[in-house]
There are 2 protein chains.
Amino acid sequence: MQIVACPGFTAAGVAAGIKKNGRKDLGLIVCDPAASVAGLFTRNRVQAAPVRLDRERVRGGLCRAVIANSGNANCCTGDAGDRDARRMARAAAQAIQGAEEQVLVASTGVIGEPLPIEPIERALPGLAAALRPEGVADFAEAIMTTDRVPKAVSRQARIDGRPVTVTGVAKGAGMIRPDVATMLCFIMTDARVDAASLHALLAAGANRSFNRITVDGDTSTNDTILLMASGVSGAAVRTAEDRAQFQALLDQTMLALATWVVKDAEGANKLVQIEVRGAASDADAHRIADTVANSPLVKTALFGEDANWGRILAAAGRAGVAFDPSRVDVFIGAVQMVAGGVGCGKAVEAEAARVLKTDAFGIAIDLHMGPGRDAVYTCDFSIDYVKINADYRS
Amino acid sequence: MQIVACPGFTAAGVAAGIKKNGRKDLGLIVCDPAASVAGLFTRNRVQAAPVRLDRERVRGGLCRAVIANSGNANCCTGDAGDRDARRMARAAAQAIQGAEEQVLVASTGVIGEPLPIEPIERALPGLAAALRPEGVADFAEAIMTTDRVPKAVSRQARIDGRPVTVTGVAKGAGMIRPDVATMLCFIMTDARVDAASLHALLAAGANRSFNRITVDGDTSTNDTILLMASGVSGAAVRTAEDRAQFQALLDQTMLALATWVVKDAEGANKLVQIEVRGAASDADAHRIADTVANSPLVKTALFGEDANWGRILAAAGRAGVAFDPSRVDVFIGAVQMVAGGVGCGKAVEAEAARVLKTDAFGIAIDLHMGPGRDAVYTCDFSIDYVKINADYRS
């Protein structure tokens, strides 16, 4: 991991005993002094208790800490779940001597089981004692569920004449679809940005990254992205140029994390960008890209490294978007498979097979209708995905 | 198979050499004299050549024959595909000495490869010579792709004072989603019904059967349902009572075939009805049932026989329908898993596990909001589904 500790933040991760396997399952990020904050949350109608709490608290615009656990989603847990989310925040606030209403909470794991709140409360003093600038690596480990590797990314640039750091950490391996946050992601920066601007920057960044990925089309009940700005670099994001620079830095960080989530998805072997161009509008392009990216038949063909472009066209055709199939071109990598709606023959399939054997490539669909364009990142649908998800709770 | 030959129809199926494994791949149904006919076709924007031809010809209201092949979908095959579909109809017309424009065509199999028209033309005289009333069984075999068993169903009732038979045959194992026909299905009856009435009866029947099933959410480019009425029983469907009786007979036949398609789906082990009730409207109920029925996480949990109701609620929550999660009840079979949005504890999971081990059961979601209700049939998502679809063309 290429992580740079972000000035103004400390973090830690420990094993509190929530996960049965003894791995790290409780993480804490502390901002001292309080950072300005913006949040994006799942659009699922069923929302976990910590999501409901954060939605309310993030309106205050200030964040002193984030306490996050894996192993239990604290979702569909009723009033007890709401009480437990508040208890978790209170325990963190006490451990760091901060204001309770400035502590945000995140949970990820199994839905519908009571949150084991006592082990969390017991672990908090030790977790707070372990806080250090480089603790992001431990935090990243503590929020993992079926992720194969912890995910953290740093990017730096000069803004307002000063070096600025953006460090993000994310988890997510299944139940991933581009509809807001799609997993847990915590982004820290030492730039100085007010909460309202942060929200706009975060929303724009998410639209180019976490809202453009899919693993299985399922949207989690716990999706949360938080962006926290400590301001300790002294670099203020004020002018249009500053904003553009900071947005670029944020976009790079978020896209790196988002594509990493897809690449490390449950059972995934390949990161595939589905690009649709020549559509009547960007929205049309997105709808087709999203339908192709979520098609089980396309995704199993990717797993089988089979240049089955018929399935790509068939998925595009059911996206609910009008187009003329006899004008469509399809490319796998740089290899043109379909010209004017008709296959280019057996010879190109051998070329495409070479592309399909690699672990990252693009599929492009050109409708030749207009200027609309969009792209979605997806992965293959493997035997391991089924195994992992058939056995998840056992 | 409990098939009854339907008076007025003969059928046959032979191996024409389209499939590499030497199995039956060309089937013919002949109606003598011509039957009145109605058709439903895929809503996919990408439509196979035979679908385009049938859409046009079915408007004539009369059908002398249906010629169908498996092993090749004749889709994304350009102008040559259209010519081949017409050649296929012409060869059948010549073999049975019928009018070419009264011959309908259906193809299923791989997309994007040229239809091997010469073997089809060569096989047609032999196919016509093999026609017999009981030939439906051979026809059902000839249209199979990844189906594990041929599927044909007969139902009989007394209408207009006379015994009436409805015999249907279907194929379909993947690329199945409730958006019109979803596979190939040919239904014969000896009742006398005009083409316009037939269309209304067929559309109503499809809405209760083939539009209520899903395997993988993918809609094929070749979906076709044809309903042919020979009238040779002498029973005329004229009065409201006749219509209701005939509709019931048709519905039974279509629902038996549709659920059979799900039960025999690629890699499927379980037939599961997802019922949503207490919704604000039937349309809302359908949207939620469809989203749950297509969720890879729900379907892999079904494969794992895991009572993971959290995934059911999470899928319901992303259906784009407003509801109050704290009022929702969920049942697996007769076992209540969730009451008022909260899990009913570990004890019921053992009971639910017994239900999940069976090969057919229902999952019910009650929103407690209104009178809306709908149900969709789905299956589990297995390791074999991935294997079958990763290797389909190799």
# chains A, B, ... in the order shown; residues from 1 in each chain; ligands from 1
$ select_by_dssp --residues "segment 78-299 of chain B" --states "strand (DSSP E)" --output "VMD selection string"
chain B and resid 103 to 108 151 to 159 162 to 171 184 to 189 224 to 229 271 to 279
$ write_last_selection --atoms "C-alpha atoms" --output "short mmCIF file (atom, residue, chain, number, x, y, z; two decimals), in the first residue's frame"
data_model
loop_
_atom_site.label_atom_id
_atom_site.label_comp_id
_atom_site.auth_asym_id
_atom_site.auth_seq_id
_atom_site.Cartn_x
_atom_site.Cartn_y
_atom_site.Cartn_z
CA VAL B 103 -44.92 -20.47 -42.24
CA LEU B 104 -43.41 -19.06 -39.04
CA VAL B 105 -39.77 -19.50 -38.05
CA ALA B 106 -37.92 -19.73 -34.73
CA SER B 107 -34.24 -20.15 -33.93
CA THR B 108 -32.35 -20.56 -30.66
CA LYS B 151 -40.79 -29.72 -21.89
CA ALA B 152 -44.33 -30.33 -23.10
CA VAL B 153 -47.61 -30.03 -21.24
CA SER B 154 -51.23 -30.82 -22.11
CA ARG B 155 -54.44 -29.71 -20.43
CA GLN B 156 -58.02 -30.58 -21.37
CA ALA B 157 -61.44 -29.18 -20.50
CA ARG B 158 -64.97 -29.11 -21.86
CA ILE B 159 -65.80 -25.86 -23.62
CA ARG B 162 -67.01 -30.26 -26.46
CA PRO B 163 -63.63 -31.54 -25.16
CA VAL B 164 -60.84 -29.06 -25.90
CA THR B 165 -57.12 -29.77 -25.75
CA VAL B 166 -54.28 -27.29 -25.17
CA THR B 167 -50.80 -28.70 -25.73
CA GLY B 168 -47.75 -26.52 -25.25
CA VAL B 169 -44.06 -27.11 -25.76
CA ALA B 170 -41.29 -24.83 -24.53
CA LYS B 171 -37.53 -24.50 -24.29
CA LEU B 184 -39.49 -20.40 -27.31
CA CYS B 185 -42.99 -21.65 -26.60
CA PHE B 186 -45.48 -23.11 -29.05
CA ILE B 187 -49.02 -23.76 -27.92
CA MET B 188 -51.58 -25.69 -29.93
CA THR B 189 -55.30 -25.97 -29.33
CA THR B 224 -41.17 -16.16 -29.13
CA ILE B 225 -44.50 -17.53 -27.97
CA LEU B 226 -46.96 -18.69 -30.57
CA LEU B 227 -50.53 -19.82 -29.90
CA MET B 228 -52.22 -21.71 -32.72
CA ALA B 229 -55.88 -22.72 -32.82
CA LEU B 271 -37.99 -23.31 -7.83
CA VAL B 272 -38.75 -20.35 -5.57
CA GLN B 273 -41.80 -18.11 -5.69
CA ILE B 274 -41.05 -14.56 -4.48
CA GLU B 275 -44.36 -13.07 -3.37
CA VAL B 276 -44.75 -9.44 -2.34
CA ARG B 277 -48.00 -8.40 -0.69
CA GLY B 278 -49.28 -5.38 1.22
CA ALA B 279 -47.67 -3.04 -1.34
#
$ closest_atom_pairs --of "chain A" --to "chain B" --cutoff "6 Å" --atoms "only C-alpha atoms" --output "CSV"
residue,atom,partner,partner_atom,distance
A:Asn44,CA,B:Arg318,CA,4.7
A:Arg45,CA,B:Gly317,CA,4.3
A:Val46,CA,B:Gly317,CA,5.0
A:Cys76,CA,B:Val342,CA,5.2
A:Thr77,CA,B:Val342,CA,5.5
A:Gly78,CA,B:Val342,CA,5.7
A:Ile111,CA,B:Gly310,CA,5.0
A:Gly112,CA,B:Gly343,CA,5.8
A:Thr300,CA,B:Ala390,CA,4.9
A:Ala301,CA,B:Ala390,CA,4.8
A:Gly304,CA,B:Ala390,CA,4.1
A:Gly310,CA,B:Ile111,CA,5.0
A:Gly317,CA,B:Arg45,CA,4.4
A:Arg318,CA,B:Asn44,CA,4.7
A:Pro325,CA,B:Val46,CA,5.8
A:Gly341,CA,B:Cys76,CA,5.9
A:Val342,CA,B:Cys76,CA,5.2
A:Gly343,CA,B:Gly112,CA,5.8
A:Ile383,CA,B:Ile383,CA,5.3
A:Val386,CA,B:Thr300,CA,5.8
A:Asn389,CA,B:Thr300,CA,5.7
A:Ala390,CA,B:Gly304,CA,4.1
A:Asp391,CA,B:Gly304,CA,6.0
$ closest_residue --among "B:Ala280, B:Ala130, B:Ala352, B:Ile312" --to "Pro371 of chain B" --atoms "only C-alpha atoms"
B:Ala280
$ select_by_dssp --residues "segment 47-216 of chain B" --states "alpha helix (DSSP H)" --output "PyMOL selection string"
chain B and resi 49-57+78-96+117-129+136-142+195-207
$ write_last_selection --atoms "C-alpha atoms" --output "tab-separated table (two decimals), in the first residue's frame"
chain	number	residue	atom	x	y	z
B	49	ALA	CA	-34.04	-12.46	-37.95
B	50	PRO	CA	-36.80	-15.07	-37.33
B	51	VAL	CA	-38.43	-12.76	-34.76
B	52	ARG	CA	-38.53	-9.94	-37.31
B	53	LEU	CA	-40.06	-12.28	-39.89
B	54	ASP	CA	-42.67	-13.72	-37.52
B	55	ARG	CA	-43.78	-10.30	-36.27
B	56	GLU	CA	-44.69	-9.46	-39.86
B	57	ARG	CA	-46.27	-12.78	-40.77
B	78	GLY	CA	-27.35	-8.98	-40.84
B	79	ASP	CA	-29.14	-9.19	-44.19
B	80	ALA	CA	-27.90	-12.74	-44.70
B	81	GLY	CA	-29.77	-13.70	-41.53
B	82	ASP	CA	-33.02	-12.26	-42.87
B	83	ARG	CA	-32.54	-14.12	-46.16
B	84	ASP	CA	-31.80	-17.36	-44.30
B	85	ALA	CA	-34.93	-17.04	-42.15
B	86	ARG	CA	-37.00	-16.66	-45.33
B	87	ARG	CA	-35.20	-19.58	-47.00
B	88	MET	CA	-35.93	-21.73	-43.96
B	89	ALA	CA	-39.65	-20.87	-44.17
B	90	ARG	CA	-39.68	-21.45	-47.93
B	91	ALA	CA	-38.08	-24.88	-47.59
B	92	ALA	CA	-40.69	-25.85	-45.00
B	93	ALA	CA	-43.51	-24.51	-47.18
B	94	GLN	CA	-42.28	-26.54	-50.13
B	95	ALA	CA	-41.93	-29.70	-48.05
B	96	ILE	CA	-45.52	-29.50	-46.82
B	117	ILE	CA	-29.13	-23.04	-44.01
B	118	GLU	CA	-28.09	-25.84	-46.37
B	119	PRO	CA	-28.30	-28.65	-43.76
B	120	ILE	CA	-31.73	-27.28	-42.81
B	121	GLU	CA	-32.94	-27.32	-46.42
B	122	ARG	CA	-31.56	-30.82	-46.92
B	123	ALA	CA	-33.27	-32.11	-43.77
B	124	LEU	CA	-36.71	-30.69	-44.53
B	125	PRO	CA	-38.19	-33.39	-46.79
B	126	GLY	CA	-37.27	-36.06	-44.22
B	127	LEU	CA	-38.65	-33.90	-41.42
B	128	ALA	CA	-41.95	-33.47	-43.28
B	129	ALA	CA	-42.13	-37.22	-43.93
B	136	VAL	CA	-44.59	-33.14	-30.35
B	137	ALA	CA	-42.17	-35.10	-28.13
B	138	ASP	CA	-39.56	-35.10	-30.91
B	139	PHE	CA	-40.24	-31.44	-31.64
B	140	ALA	CA	-39.71	-30.59	-27.95
B	141	GLU	CA	-36.34	-32.36	-28.08
B	142	ALA	CA	-35.33	-30.58	-31.27
B	195	ALA	CA	-56.69	-14.40	-34.22
B	196	ALA	CA	-57.62	-11.16	-32.41
B	197	SER	CA	-59.17	-13.03	-29.48
B	198	LEU	CA	-56.22	-15.41	-29.47
B	199	HIS	CA	-53.85	-12.48	-29.05
B	200	ALA	CA	-55.74	-11.13	-26.04
B	201	LEU	CA	-55.92	-14.58	-24.45
B	202	LEU	CA	-52.22	-15.18	-25.07
B	203	ALA	CA	-51.15	-11.81	-23.67
B	204	ALA	CA	-53.20	-12.35	-20.50
B	205	GLY	CA	-51.77	-15.84	-20.09
B	206	ALA	CA	-48.20	-14.63	-20.55
B	207	ASN	CA	-48.67	-11.96	-17.89
$ residues_around --residues "Lys24 of chain B" --least-positions-apart "5" --cutoff "9 Å" --atoms "only C-alpha atoms" --output "ChimeraX atom specification"
/B:13-19,69-70,138-139,141-144
$ write_last_selection --atoms "C-alpha atoms" --output "compact mmCIF listing (two decimals), in the first residue's frame"
# COMPACT_ATOMS: atom_id res chain seq x y z
CA GLY B 13 -38.04 -33.40 -34.87
CA VAL B 14 -34.79 -34.59 -36.45
CA ALA B 15 -31.03 -34.07 -36.29
CA ALA B 16 -30.10 -31.84 -39.22
CA GLY B 17 -26.46 -31.40 -38.22
CA ILE B 18 -26.66 -27.86 -36.78
CA LYS B 19 -25.66 -29.04 -33.30
CA ASN B 69 -34.05 -24.94 -35.02
CA SER B 70 -31.71 -25.07 -32.06
CA ASP B 138 -39.56 -35.10 -30.91
CA PHE B 139 -40.24 -31.44 -31.64
CA GLU B 141 -36.34 -32.36 -28.08
CA ALA B 142 -35.33 -30.58 -31.27
CA ILE B 143 -35.63 -27.09 -29.76
CA MET B 144 -33.57 -27.82 -26.61
$ closest_residue --among "B:Ala268, B:Ala99, B:Leu115, B:Ala293" --to "Val30 of chain B" --atoms "only C-alpha atoms"
B:Ala99
